[in-house]
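Peer 1: Provided herewith: entry-v8.cif, mmCIF, C-alpha atoms.
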```
data_coords
loop_
_atom_site.label_atom_id
_atom_site.label_comp_id
_atom_site.auth_asym_id
_atom_site.auth_seq_id
_atom_site.Cartn_x
_atom_site.Cartn_y
_atom_site.Cartn_z
CA MET A 119 40.74 194.30 158.86
CA PRO A 120 42.03 197.07 156.55
CA PRO A 121 41.48 196.59 152.81
CA ALA A 122 43.91 194.19 151.20
CA SER A 123 46.87 195.32 149.13
CA SER A 124 46.73 195.15 145.35
CA LEU A 125 49.40 192.45 145.67
CA VAL A 126 48.32 188.85 146.04
CA LEU A 127 50.56 186.57 148.06
CA ASP A 128 51.56 183.66 145.85
CA PRO A 129 51.44 180.15 147.31
CA VAL A 130 54.63 179.43 149.23
CA PRO A 131 56.62 176.70 147.43
CA ASP A 132 57.20 173.37 149.11
CA LEU A 133 60.96 173.71 149.43
CA GLU A 134 61.41 170.18 150.75
CA VAL A 135 59.73 168.69 147.67
CA GLU A 136 61.84 170.92 145.43
CA LEU A 137 65.04 169.83 147.17
CA ARG A 138 64.17 166.13 147.05
CA GLN A 139 63.64 166.42 143.31
CA LEU A 140 67.03 168.07 142.89
CA ILE A 141 68.80 165.43 144.99
CA GLN A 142 67.35 162.65 142.86
CA GLN A 143 68.86 164.32 139.78
CA ILE A 144 72.43 163.68 140.98
CA PRO A 145 73.70 160.93 138.63
CA LYS A 146 74.99 157.65 139.94
CA GLY A 147 78.77 157.80 140.24
CA GLN A 148 78.82 161.58 140.72
CA VAL A 149 78.60 163.93 143.68
CA THR A 150 77.41 167.47 144.31
CA THR A 151 77.70 169.94 147.18
CA TYR A 152 75.28 171.61 149.54
CA GLY A 153 76.10 174.95 147.96
CA ARG A 154 75.32 173.74 144.43
CA LEU A 155 71.97 172.38 145.57
CA ALA A 156 71.22 175.69 147.27
CA ALA A 157 72.14 177.53 144.06
CA ALA A 158 69.74 175.28 142.16
CA LEU A 159 67.03 176.33 144.61
CA GLY A 160 67.86 179.91 143.70
CA ASP A 161 70.15 181.18 146.48
CA THR A 162 73.35 179.87 148.09
CA ALA A 163 72.04 181.38 151.36
CA ALA A 164 70.04 178.15 151.61
CA SER A 165 73.21 176.04 151.96
CA ARG A 166 72.85 175.68 155.73
CA TRP A 167 69.25 174.53 155.44
CA VAL A 168 70.19 172.06 152.67
CA GLY A 169 72.76 170.58 155.03
CA GLU A 170 70.25 170.31 157.86
CA PHE A 171 67.71 168.67 155.58
CA ALA A 172 70.28 166.18 154.28
CA ARG A 173 71.11 165.10 157.83
CA HIS A 174 67.57 164.87 159.17
CA HIS A 175 65.13 164.12 156.33
CA THR A 176 62.91 161.06 156.06
CA HIS A 177 65.23 158.62 154.30
CA SER A 178 64.55 155.72 151.94
CA ALA A 179 66.65 153.11 150.20
CA GLY A 180 66.44 154.87 146.85
CA CYS A 181 67.43 158.28 148.20
CA ALA A 182 70.51 159.83 146.57
CA CYS A 183 71.52 162.01 149.53
CA HIS A 184 74.77 160.04 149.93
CA ARG A 185 75.95 161.87 146.79
CA ILE A 186 76.08 165.22 148.62
CA VAL A 187 79.52 166.15 149.96
CA LEU A 188 81.28 169.22 151.34
CA ALA A 189 82.83 171.79 149.02
CA ASN A 190 86.33 170.60 149.93
CA GLY A 191 85.49 167.00 148.98
CA GLU A 192 85.07 165.71 152.52
CA LEU A 193 82.13 163.36 152.82
CA GLY A 194 80.45 165.14 155.72
CA GLY A 195 77.67 163.59 157.78
CA TYR A 196 75.03 161.10 156.73
CA VAL A 197 71.36 160.82 157.56
CA THR A 198 71.76 157.40 159.20
CA GLY A 199 74.33 158.75 161.64
CA HIS A 200 77.01 156.46 160.20
CA PRO A 201 79.23 158.36 157.70
CA GLU A 202 81.00 155.13 156.76
CA GLU A 203 77.75 154.00 155.11
CA LYS A 204 77.95 157.03 152.88
CA GLN A 205 81.44 156.06 151.76
CA VAL A 206 80.39 152.45 151.08
CA ARG A 207 77.52 153.59 148.85
CA LEU A 208 79.70 156.08 146.94
CA VAL A 209 82.49 153.56 146.35
CA ALA A 210 79.95 151.01 145.15
CA GLU A 211 78.85 153.54 142.53
CA GLY A 212 82.41 154.10 141.32
CA VAL A 213 83.32 157.27 143.23
CA VAL A 214 86.95 157.25 144.40
CA VAL A 215 87.22 158.09 148.10
CA GLU A 216 90.60 158.50 149.79
CA ARG A 217 90.93 159.22 153.52
CA GLY A 218 87.36 160.37 153.85
CA ARG A 219 87.50 162.71 150.86
CA VAL A 220 86.30 162.41 147.27
CA ALA A 221 89.47 162.17 145.19
CA ALA A 222 90.26 164.71 142.49
CA PRO A 223 89.45 165.26 139.68
CA ALA A 224 85.82 164.61 140.61
CA THR A 225 83.81 167.67 139.52
CA PRO A 226 80.66 168.31 141.51
CA PHE A 227 77.48 167.89 139.48
CA ASP A 228 75.61 171.15 138.84
CA ARG A 229 73.47 170.57 135.73
CA PHE A 230 70.22 170.61 137.67
CA VAL A 231 66.84 171.19 136.10
CA SER A 232 65.09 173.63 138.44
CA ASN A 233 62.50 176.41 138.53
CA PHE A 234 64.66 178.23 141.14
CA PRO A 235 61.91 178.79 143.76
CA LEU A 236 63.97 181.11 145.96
CA ALA A 237 64.63 183.40 143.01
CA ALA A 238 60.87 183.61 142.50
CA LEU A 239 60.43 184.55 146.15
CA ARG A 240 62.99 187.33 145.77
CA ARG A 241 60.95 188.70 142.89
CA GLN A 242 57.94 188.75 145.19
CA GLN A 243 59.97 190.70 147.73
CA SER A 244 61.04 193.21 145.09
CA ALA A 245 57.43 193.75 144.01
CA CYS A 246 56.41 194.18 147.64
CA ALA A 247 59.27 196.59 148.43
CA ALA A 248 58.16 198.77 145.52
CA GLN A 249 54.74 199.19 147.18
CA ALA A 250 56.02 199.93 150.69
CA ILE A 251 55.13 203.45 151.83
CA VAL A 252 57.52 205.59 153.88
CA ARG A 253 55.74 208.29 155.89
CA PRO A 254 55.47 209.37 159.53
CA LEU A 255 53.20 207.39 161.81
CA PRO A 256 50.31 209.24 163.47
CA PRO A 257 51.58 211.08 166.59
CA GLN A 258 50.76 210.05 170.17
CA LEU A 259 49.67 206.50 169.51
CA THR A 260 47.96 205.05 172.59
CA ARG A 261 47.45 201.51 171.29
CA VAL A 262 49.83 199.27 169.38
CA GLY A 263 50.03 195.58 168.64
CA GLY A 264 52.84 193.06 168.66
CA ILE A 265 53.07 189.81 166.72
CA ASP A 266 55.50 186.90 167.00
CA VAL A 267 55.73 183.19 166.20
CA SER A 268 57.14 180.26 168.19
CA PHE A 269 57.68 176.78 166.78
CA SER A 270 57.27 173.37 168.37
CA GLU A 271 57.06 169.88 166.86
CA GLY A 272 56.44 171.11 163.34
CA LYS A 273 53.72 173.56 164.37
CA ALA A 274 53.64 177.34 164.67
CA PHE A 275 52.14 179.21 167.62
CA VAL A 276 51.33 182.71 166.35
CA THR A 277 50.48 185.36 168.95
CA LEU A 278 49.03 188.83 168.50
CA VAL A 279 48.84 191.17 171.48
CA CYS A 280 47.29 194.62 171.86
CA LEU A 281 48.68 197.08 174.41
CA GLY A 282 47.35 200.41 175.57
CA GLU A 283 48.63 202.57 178.37
CA ARG A 284 49.59 199.65 180.59
CA GLU A 285 52.63 197.45 180.07
CA THR A 286 50.49 194.29 179.96
CA PRO A 287 48.20 193.33 177.06
CA GLU A 288 44.62 194.51 176.85
CA TRP A 289 43.99 191.27 174.95
CA HIS A 290 45.95 188.57 173.20
CA VAL A 291 45.17 185.82 170.71
CA THR A 292 47.22 182.76 169.81
CA MET A 293 46.57 180.42 166.88
CA VAL A 294 48.22 177.07 166.11
CA GLN A 295 49.12 176.57 162.47
CA THR A 296 51.01 174.13 160.30
CA VAL A 297 54.54 175.20 159.33
CA ARG A 298 54.69 175.50 155.55
CA PHE A 299 58.24 176.74 154.91
CA PRO A 300 61.63 176.13 156.56
CA TYR A 301 63.89 178.77 158.04
CA VAL A 302 66.23 180.11 155.35
CA SER A 303 68.22 183.26 156.10
CA GLY A 304 66.71 186.24 154.25
CA TYR A 305 63.40 184.44 153.65
CA LEU A 306 61.87 184.52 157.14
CA ALA A 307 58.83 186.32 155.74
CA PHE A 308 57.80 183.29 153.70
CA ARG A 309 57.92 181.11 156.81
CA GLU A 310 55.90 183.46 159.01
CA LEU A 311 53.96 185.81 156.71
CA PRO A 312 51.15 183.41 155.70
CA LEU A 313 50.72 182.47 159.37
CA ALA A 314 50.49 186.11 160.47
CA ILE A 315 48.01 187.02 157.74
CA ASP A 316 45.76 184.08 158.67
CA LEU A 317 45.79 185.20 162.31
CA LEU A 318 45.01 188.84 161.47
CA GLN A 319 42.06 187.79 159.33
CA THR A 320 40.72 185.60 162.14
CA VAL A 321 41.25 188.20 164.87
CA ALA A 322 39.59 190.97 162.84
CA GLU A 323 36.29 189.10 163.14
CA GLU A 324 36.22 189.61 166.93
CA PHE A 325 38.58 192.47 167.82
CA GLU A 326 39.43 195.91 166.55
CA LEU A 327 42.98 195.56 165.32
CA PRO A 328 45.54 198.00 166.76
CA PRO A 329 46.47 200.85 164.40
CA VAL A 330 50.16 199.86 164.29
CA LEU A 331 51.87 196.48 164.57
CA LEU A 332 55.35 195.85 165.94
CA VAL A 333 56.68 192.74 164.23
CA ASP A 334 59.44 190.44 165.47
CA GLY A 335 61.49 190.63 162.29
CA SER A 336 63.09 193.09 159.89
CA GLY A 337 61.31 195.88 158.10
CA MET A 338 63.17 197.87 155.46
CA LEU A 339 66.47 197.12 157.23
CA HIS A 340 66.85 193.98 155.13
CA PRO A 341 69.18 193.05 152.25
CA ARG A 342 66.26 193.49 149.85
CA ARG A 343 64.56 196.21 151.94
CA CYS A 344 61.64 193.89 152.43
CA GLY A 345 61.67 191.89 155.65
CA ILE A 346 58.58 190.34 157.20
CA ALA A 347 57.45 193.61 158.83
CA THR A 348 57.39 195.30 155.43
CA MET A 349 55.68 192.39 153.70
CA LEU A 350 53.05 192.02 156.41
CA GLY A 351 52.35 195.74 156.32
CA VAL A 352 51.98 195.85 152.54
CA TYR A 353 49.88 192.69 152.17
CA ALA A 354 47.64 193.51 155.16
CA SER A 355 47.57 197.27 154.46
CA ILE A 356 48.52 198.17 158.03
CA PRO A 357 51.37 200.31 159.46
CA THR A 358 54.18 198.09 160.73
CA ILE A 359 57.54 198.40 162.50
CA GLY A 360 60.28 195.78 162.43
CA ILE A 361 62.12 194.86 165.65
CA THR A 362 65.13 192.52 165.54
CA LYS A 363 67.90 191.38 167.83
CA LYS A 364 70.18 190.63 164.88
CA LEU A 365 71.50 193.04 162.27
CA LEU A 366 71.00 191.55 158.80
CA CYS A 367 72.67 194.41 156.93
CA GLY A 368 73.95 197.93 157.40
CA ALA A 369 76.55 199.66 159.54
CA VAL A 370 76.27 201.28 162.98
CA ASP A 371 78.52 203.96 164.44
CA GLU A 372 79.50 202.08 167.60
CA ALA A 373 80.96 205.19 169.27
CA THR A 374 77.66 207.05 168.89
CA LEU A 375 75.73 204.02 170.11
CA ALA A 376 77.94 203.73 173.19
CA GLN A 377 77.65 207.43 173.99
CA ARG A 378 73.97 208.05 173.30
CA GLY A 379 72.40 204.61 173.51
CA THR A 380 71.05 205.01 169.96
CA ALA A 381 72.56 205.30 166.49
CA SER A 382 71.40 205.21 162.89
CA VAL A 383 71.83 202.05 160.86
CA VAL A 384 72.99 202.94 157.35
CA TRP A 385 72.57 200.55 154.43
CA GLU A 386 73.55 201.43 150.85
CA GLY A 387 74.07 205.05 151.84
CA GLN A 388 70.68 205.52 153.50
CA PRO A 389 69.59 205.47 157.16
CA LEU A 390 67.10 202.60 157.23
CA GLY A 391 66.82 201.93 160.95
CA THR A 392 67.94 202.67 164.49
CA ALA A 393 70.17 200.64 166.79
CA ALA A 394 69.27 201.09 170.47
CA ARG A 395 70.30 199.98 173.92
CA MET A 396 67.37 201.19 175.92
CA ARG A 397 66.77 199.52 179.28
CA GLY A 398 67.53 196.46 181.31
CA ARG A 399 70.82 194.78 181.99
CA SER A 400 71.62 193.72 178.43
CA ARG A 401 74.17 195.77 176.54
CA ARG A 402 73.23 194.12 173.27
CA PRO A 403 71.34 196.52 170.98
CA ILE A 404 68.11 195.88 169.17
CA TYR A 405 67.33 197.23 165.72
CA VAL A 406 64.18 199.13 164.80
CA SER A 407 63.18 199.82 161.20
CA PRO A 408 60.04 201.00 159.41
CA GLY A 409 57.99 198.29 157.79
CA HIS A 410 55.13 199.99 155.96
CA GLN A 411 53.43 203.37 156.36
CA ALA A 412 56.18 204.44 158.79
CA ASP A 413 59.55 206.15 158.60
CA VAL A 414 62.79 205.73 160.54
CA VAL A 415 62.11 208.53 163.04
CA SER A 416 58.47 207.74 163.83
CA ALA A 417 59.10 203.98 163.92
CA PHE A 418 61.73 204.40 166.62
CA ALA A 419 59.65 206.97 168.52
CA CYS A 420 56.72 204.55 168.61
CA ALA A 421 58.85 201.62 169.74
CA ARG A 422 60.53 203.75 172.41
CA SER A 423 57.20 204.92 173.83
CA PHE A 424 56.28 201.29 174.56
CA TRP A 425 59.60 200.30 176.13
CA GLY A 426 59.35 199.15 179.71
CA LYS A 427 61.98 197.57 181.93
CA ARG A 428 62.95 194.88 179.44
CA ARG A 429 65.28 194.78 176.47
CA LEU A 430 62.40 194.58 173.98
CA PRO A 431 59.42 196.91 173.56
CA ALA A 432 56.45 195.57 175.53
CA PRO A 433 54.36 194.49 172.51
CA ILE A 434 57.18 192.30 171.17
CA TYR A 435 58.10 191.02 174.63
CA TRP A 436 54.53 189.86 175.31
CA ALA A 437 53.99 188.38 171.85
CA ASP A 438 57.22 186.40 172.21
CA HIS A 439 56.52 185.43 175.83
CA LEU A 440 52.97 184.22 175.22
CA SER A 441 53.71 182.36 171.98
CA ARG A 442 56.52 180.51 173.78
CA GLN A 443 54.27 179.70 176.72
CA TRP A 444 51.63 178.19 174.47
CA ALA A 445 54.25 176.25 172.50
CA ARG A 446 55.59 174.76 175.74
CA SER A 447 52.25 174.09 177.43
CA GLN A 448 50.28 172.86 174.40
CA PRO A 449 52.74 171.07 172.11
CA ALA A 450 50.09 168.54 171.02
CA ALA A 451 47.50 171.18 170.08
CA ALA A 452 45.89 170.64 166.69
CA PRO A 453 46.35 173.20 163.91
CA GLY A 454 43.45 175.63 164.05
CA SER A 455 43.38 175.75 167.86
CA LEU A 456 42.73 179.29 169.06
CA TRP A 457 43.14 180.87 172.49
CA THR A 458 42.20 184.37 173.58
CA GLY A 459 42.80 186.18 176.86
CA THR A 460 43.51 189.43 178.65
CA GLY A 461 46.53 190.54 180.65
CA GLY A 462 49.84 188.74 180.36
CA SER A 463 49.06 185.24 181.58
CA ILE A 464 47.73 182.09 179.99
#
```
If you convert what's in this file into structure tokens, what do you get?
Peer 2:
Amino acid sequence: MPPASSLVLDPVPDLEVELRQLIQQIPKGQVTTYGRLAAALGDTAASRWVGEFARHHTHSAGCACHRIVLANGELGGYVTGHPEEKQVRLVAEGVVVERGRVAAPATPFDRFVSNFPLAALRRQQSACAAQAIVRPLPPQLTRVGGIDVSFSEGKAFVTLVCLGERETPEWHVTMVQTVRFPYVSGYLAFRELPLAIDLLQTVAEEFELPPVLLVDGSGMLHPRRCGIATMLGVYASIPTIGITKKLLCGAVDEATLAQRGTASVVWEGQPLGTAARMRGRSRRPIYVSPGHQADVVSAFACARSFWGKRRLPAPIYWADHLSRQWARSQPAAAPGSLWTGTGGSI
């Protein structure tokens, strides 16, 4: 494996523990909102995840999750599946509820004591973005890799594939790992990055890693210019390219895209990626951006040279396909399980 970056990846915070501690701070007789809890974690972008956690977490009698309501005062759902239980508990604590809504002038509680873990992760991204290198990839690459992650029953199935001149993998490796971080928009890297680094370190003991990795996730085309492709490239000191099906930021000239099949994606006045409709029946574009040790032009040229008949470049297609196959066929596999193979079948 290439020499490590001068950056050291900090331990990923246990966001569930952090959120539970915040929920227990809501005083009896008061309520708060999902958005205020997300802000106490460090980013209101986490509001959706806070809501999902509140509805599906492991519940206990002393849990204060009944004190979380919607921003408009409506009670919202409850972990037991019976919203009326939520109302009963709130009323018993002195909260006035009228027609399924907390009555004014109840002011949502927001005086949380927090270390704002998501804000700390953003600082990590900023430090990483500052070390990302923009330069052309080597010309005429004949081997590239692809990496992707599928999830099943609280476990991650991380797959790395290596492709050469054929459209099927020369070899592929899949590792089962424990999921350490939830999905929060803008923070995908902290869910998947530690898993990908562990796999690369393991694979490097047996295989020669491909010189460039296509990553299922954003590169510099990211609100903080530091998606998972950039972070993986910087921390692993390897050239990377980000491939996504969703545009996180930036603007595309739709007329140019319709006419030529490709168009620049501009974010904050700079072209940071390429939107492309390449092959297959889908008219939905994908978005290619440099991660690390690549630039916009060479990143797209590399991805295009490994496009086959499908919507996605072959390395990403196979990494996604194989990780999903293992997740479906081996859902009970223990963390640490490792499978290797050649071609495109398991």
Peer 1: Pull out every residue that the PyMOL selection byres ((chain A and resi 436-446) around 10) matches in the shown coordinates and put them as a PDB file with C-alpha atoms, in the coordinates of the input.
Peer 2:
```pdb
ATOM      1  CA  GLY A 263      50.030 195.580 168.640  1.00  0.00           C
ATOM      2  CA  GLY A 264      52.840 193.060 168.660  1.00  0.00           C
ATOM      3  CA  ILE A 265      53.070 189.810 166.720  1.00  0.00           C
ATOM      4  CA  ASP A 266      55.500 186.900 167.000  1.00  0.00           C
ATOM      5  CA  VAL A 267      55.730 183.190 166.200  1.00  0.00           C
ATOM      6  CA  SER A 268      57.140 180.260 168.190  1.00  0.00           C
ATOM      7  CA  PHE A 269      57.680 176.780 166.780  1.00  0.00           C
ATOM      8  CA  SER A 270      57.270 173.370 168.370  1.00  0.00           C
ATOM      9  CA  GLU A 271      57.060 169.880 166.860  1.00  0.00           C
ATOM     10  CA  LYS A 273      53.720 173.560 164.370  1.00  0.00           C
ATOM     11  CA  ALA A 274      53.640 177.340 164.670  1.00  0.00           C
ATOM     12  CA  PHE A 275      52.140 179.210 167.620  1.00  0.00           C
ATOM     13  CA  VAL A 276      51.330 182.710 166.350  1.00  0.00           C
ATOM     14  CA  THR A 277      50.480 185.360 168.950  1.00  0.00           C
ATOM     15  CA  LEU A 278      49.030 188.830 168.500  1.00  0.00           C
ATOM     16  CA  VAL A 279      48.840 191.170 171.480  1.00  0.00           C
ATOM     17  CA  CYS A 280      47.290 194.620 171.860  1.00  0.00           C
ATOM     18  CA  LEU A 281      48.680 197.080 174.410  1.00  0.00           C
ATOM     19  CA  GLU A 285      52.630 197.450 180.070  1.00  0.00           C
ATOM     20  CA  THR A 286      50.490 194.290 179.960  1.00  0.00           C
ATOM     21  CA  PRO A 287      48.200 193.330 177.060  1.00  0.00           C
ATOM     22  CA  HIS A 290      45.950 188.570 173.200  1.00  0.00           C
ATOM     23  CA  VAL A 291      45.170 185.820 170.710  1.00  0.00           C
ATOM     24  CA  THR A 292      47.220 182.760 169.810  1.00  0.00           C
ATOM     25  CA  MET A 293      46.570 180.420 166.880  1.00  0.00           C
ATOM     26  CA  VAL A 294      48.220 177.070 166.110  1.00  0.00           C
ATOM     27  CA  LEU A 332      55.350 195.850 165.940  1.00  0.00           C
ATOM     28  CA  VAL A 333      56.680 192.740 164.230  1.00  0.00           C
ATOM     29  CA  ASP A 334      59.440 190.440 165.470  1.00  0.00           C
ATOM     30  CA  LEU A 430      62.400 194.580 173.980  1.00  0.00           C
ATOM     31  CA  PRO A 431      59.420 196.910 173.560  1.00  0.00           C
ATOM     32  CA  ALA A 432      56.450 195.570 175.530  1.00  0.00           C
ATOM     33  CA  PRO A 433      54.360 194.490 172.510  1.00  0.00           C
ATOM     34  CA  ILE A 434      57.180 192.300 171.170  1.00  0.00           C
ATOM     35  CA  TYR A 435      58.100 191.020 174.630  1.00  0.00           C
ATOM     36  CA  SER A 447      52.250 174.090 177.430  1.00  0.00           C
ATOM     37  CA  GLN A 448      50.280 172.860 174.400  1.00  0.00           C
ATOM     38  CA  PRO A 449      52.740 171.070 172.110  1.00  0.00           C
ATOM     39  CA  ALA A 450      50.090 168.540 171.020  1.00  0.00           C
ATOM     40  CA  ALA A 451      47.500 171.180 170.080  1.00  0.00           C
ATOM     41  CA  TRP A 457      43.140 180.870 172.490  1.00  0.00           C
ATOM     42  CA  GLY A 461      46.530 190.540 180.650  1.00  0.00           C
ATOM     43  CA  GLY A 462      49.840 188.740 180.360  1.00  0.00           C
ATOM     44  CA  SER A 463      49.060 185.240 181.580  1.00  0.00           C
ATOM     45  CA  ILE A 464      47.730 182.090 179.990  1.00  0.00           C
TER      46      ILE A 464
END
```
Peer 1: Find the residue from A:Thr150, A:Thr348, A:Gln377, A:Ser178 that sits nearest to Val213 in chain A; use all atoms listed in the file when measuring.
Peer 2: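 The closest residue to Val213 in chain A is A:Thr150.
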Peer 1: Which residues are near Arg261 in chain A? Cut-off 10 Å, only C-alpha atoms, ignore same chain within fewer than 2 positions. Put them as number ranges by chain.
Peer 2: A: 258-259, 263, 280-284, 288, 327-331, 424, 433
Peer 1: Which is closest to Gln242 in chain A among A:His175, A:Arg342, A:Arg138, A:Arg402, if we use all atoms listed in the file?
Peer 2: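 Between A:His175, A:Arg342, A:Arg138, A:Arg402, the residue approaching Gln242 in chain A most closely is A:Arg342.
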Peer 1: Which one of A:Arg240, A:His177, A:Arg229, A:His184 sits closest to Leu155 in chain A if you count all atoms listed in the file?
Peer 2: A:Arg229
Peer 1: As an exercise, work out the distance from CA of Ser244 in chain A to CA of Arg343 in chain A in Å and give it to one decimal place.
Peer 2: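 Between CA of Ser244 in chain A and CA of Arg343 in chain A the gap works out to 8.3 Å.
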Peer 1: When you draw a straight line from CA of Leu208 in chain A to CA of Asn190 in chain A, how long is it in Å?
Peer 2: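 The value is 16.2 Å.
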Peer 1: Just to confirm, what's the straight-line distance from CA of Gly169 in chain A to CA of Gln139 in chain A in Å (one decimal)?
Peer 2: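 So the answer is 15.4 Å.
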Peer 1: Please tell me which residues are no farther than 9 Å from (68.4, 170.6, 137.1) in the file, counting only C-alpha atoms, and write them as a PyMOL selection string.
Peer 2: chain A and resi 139-140+143-144+158+228-233
Peer 1: Using only C-alpha atoms, find all polymer residues with an atom at most 12 Å away from the point (82.5, 156.6, 160.2); report them as a list in words.
Peer 2: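 In the file's frame, the residues around the point are Leu193, Gly194, Gly195, Tyr196, Thr198, Gly199, His200, Pro201, Glu202, Glu203, Lys204, Gln205, Val206, Arg217 and Gly218 of chain A.
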Peer 1: Running the PyMOL selection byres ((chain A and resi 133) around 12) on this model by hand, what would come out? Give it as an NGL selection string.
Peer 2: :A and (129-132 or 134-140 or 155-156 or 158-160 or 164 or 167-168 or 171 or 232-236 or 239 or 297-302 or 305 or 308-309)
Peer 1: May I have a table of the residues of range 227-299 of chain A lying at most 10 Å from range 412-423 of chain A, giving each one's closest pair of atoms and their distance in Å to one decimal, counting only C-alpha atoms, ordered by chain and ascending residue number, as CSV?
Peer 2:
```
residue,atom,partner,partner_atom,distance
A:Ala250,CA,A:Ala412,CA,9.3
A:Ile251,CA,A:Ala412,CA,7.1
A:Val252,CA,A:Asp413,CA,5.2
A:Arg253,CA,A:Ala412,CA,4.8
A:Pro254,CA,A:Ala412,CA,5.0
A:Leu255,CA,A:Ala412,CA,5.2
A:Pro256,CA,A:Ser416,CA,8.3
A:Pro257,CA,A:Ser416,CA,8.1
A:Gln258,CA,A:Cys420,CA,8.3
A:Leu259,CA,A:Cys420,CA,7.4
A:Thr260,CA,A:Ser423,CA,9.3
A:Val262,CA,A:Cys420,CA,8.7
A:Glu283,CA,A:Ser423,CA,10.0
```
Peer 1: For Cys344 in chain A, list every protein, DNA or RNA residue within 9 Å, evaluated using all atoms listed in the file, and leave out those in the same chain fewer than 6 positions away; present the list as an NGL selection string.
Peer 2: :A and (243-244 or 246-247 or 250 or 307 or 336-338 or 409)
Peer 1: Nearest to Pro389 in chain A among A:Val220, A:Leu456, A:Ala369, A:Leu350, with distances taken over only C-alpha atoms: which residue is it?
Peer 2: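 Going through A:Val220, A:Leu456, A:Ala369, A:Leu350 one by one, the smallest distance to Pro389 in chain A is for A:Ala369.
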Peer 1: Produce the centre coordinates and the three edge lengths, each in Å to one decimal, of the box along x, y and z that contains all listed atoms of range 383-388 of chain A with 4 Å added on each side, as lines of an AutoDock Vina configuration file.
Peer 2:
```
center_x = 72.4
center_y = 203.0
center_z = 155.9
size_x = 11.4
size_y = 13.0
size_z = 18.0
```
Peer 1: Where atoms are missing, can you supply all heavy atoms for range 203-207 of chain A and output the lot as a PDB file, in the frame of the given file?
Peer 2:
```pdb
ATOM      1  N   GLU A 203      78.736 154.514 156.060  1.00  0.00           N
ATOM      2  CA  GLU A 203      77.750 154.000 155.110  1.00  0.00           C
ATOM      3  C   GLU A 203      77.721 154.849 153.848  1.00  0.00           C
ATOM      4  O   GLU A 203      77.526 154.336 152.743  1.00  0.00           O
ATOM      5  CB  GLU A 203      76.358 153.969 155.757  1.00  0.00           C
ATOM      6  CG  GLU A 203      76.210 152.988 156.901  1.00  0.00           C
ATOM      7  CD  GLU A 203      74.794 152.993 157.456  1.00  0.00           C
ATOM      8  OE1 GLU A 203      73.863 153.330 156.692  1.00  0.00           O
ATOM      9  OE2 GLU A 203      74.622 152.671 158.633  1.00  0.00           O
ATOM     10  N   LYS A 204      77.908 156.119 154.019  1.00  0.00           N
ATOM     11  CA  LYS A 204      77.950 157.030 152.880  1.00  0.00           C
ATOM     12  C   LYS A 204      79.112 156.667 151.965  1.00  0.00           C
ATOM     13  O   LYS A 204      78.965 156.596 150.741  1.00  0.00           O
ATOM     14  CB  LYS A 204      78.093 158.468 153.398  1.00  0.00           C
ATOM     15  CG  LYS A 204      77.942 159.555 152.364  1.00  0.00           C
ATOM     16  CD  LYS A 204      77.981 160.922 153.070  1.00  0.00           C
ATOM     17  CE  LYS A 204      77.566 162.042 152.154  1.00  0.00           C
ATOM     18  NZ  LYS A 204      77.541 163.359 152.862  1.00  0.00           N
ATOM     19  N   GLN A 205      80.264 156.425 152.551  1.00  0.00           N
ATOM     20  CA  GLN A 205      81.440 156.060 151.760  1.00  0.00           C
ATOM     21  C   GLN A 205      81.213 154.743 151.032  1.00  0.00           C
ATOM     22  O   GLN A 205      81.556 154.619 149.844  1.00  0.00           O
ATOM     23  CB  GLN A 205      82.669 155.970 152.652  1.00  0.00           C
ATOM     24  CG  GLN A 205      83.920 155.529 151.893  1.00  0.00           C
ATOM     25  CD  GLN A 205      85.192 155.728 152.708  1.00  0.00           C
ATOM     26  OE1 GLN A 205      85.254 156.618 153.560  1.00  0.00           O
ATOM     27  NE2 GLN A 205      86.196 154.908 152.445  1.00  0.00           N
ATOM     28  N   VAL A 206      80.642 153.760 151.704  1.00  0.00           N
ATOM     29  CA  VAL A 206      80.390 152.450 151.080  1.00  0.00           C
ATOM     30  C   VAL A 206      79.507 152.617 149.853  1.00  0.00           C
ATOM     31  O   VAL A 206      79.767 152.033 148.787  1.00  0.00           O
ATOM     32  CB  VAL A 206      79.757 151.490 152.097  1.00  0.00           C
ATOM     33  CG1 VAL A 206      79.230 150.234 151.400  1.00  0.00           C
ATOM     34  CG2 VAL A 206      80.771 151.092 153.164  1.00  0.00           C
ATOM     35  N   ARG A 207      78.441 153.417 149.975  1.00  0.00           N
ATOM     36  CA  ARG A 207      77.520 153.590 148.850  1.00  0.00           C
ATOM     37  C   ARG A 207      78.197 154.323 147.693  1.00  0.00           C
ATOM     38  O   ARG A 207      78.005 153.982 146.525  1.00  0.00           O
ATOM     39  CB  ARG A 207      76.275 154.350 149.308  1.00  0.00           C
ATOM     40  CG  ARG A 207      75.436 153.588 150.312  1.00  0.00           C
ATOM     41  CD  ARG A 207      74.073 154.212 150.509  1.00  0.00           C
ATOM     42  NE  ARG A 207      73.266 154.116 149.291  1.00  0.00           N
ATOM     43  CZ  ARG A 207      72.001 154.533 149.203  1.00  0.00           C
ATOM     44  NH1 ARG A 207      71.416 155.079 150.262  1.00  0.00           N
ATOM     45  NH2 ARG A 207      71.335 154.414 148.067  1.00  0.00           N
TER      46      ARG A 207
END
```
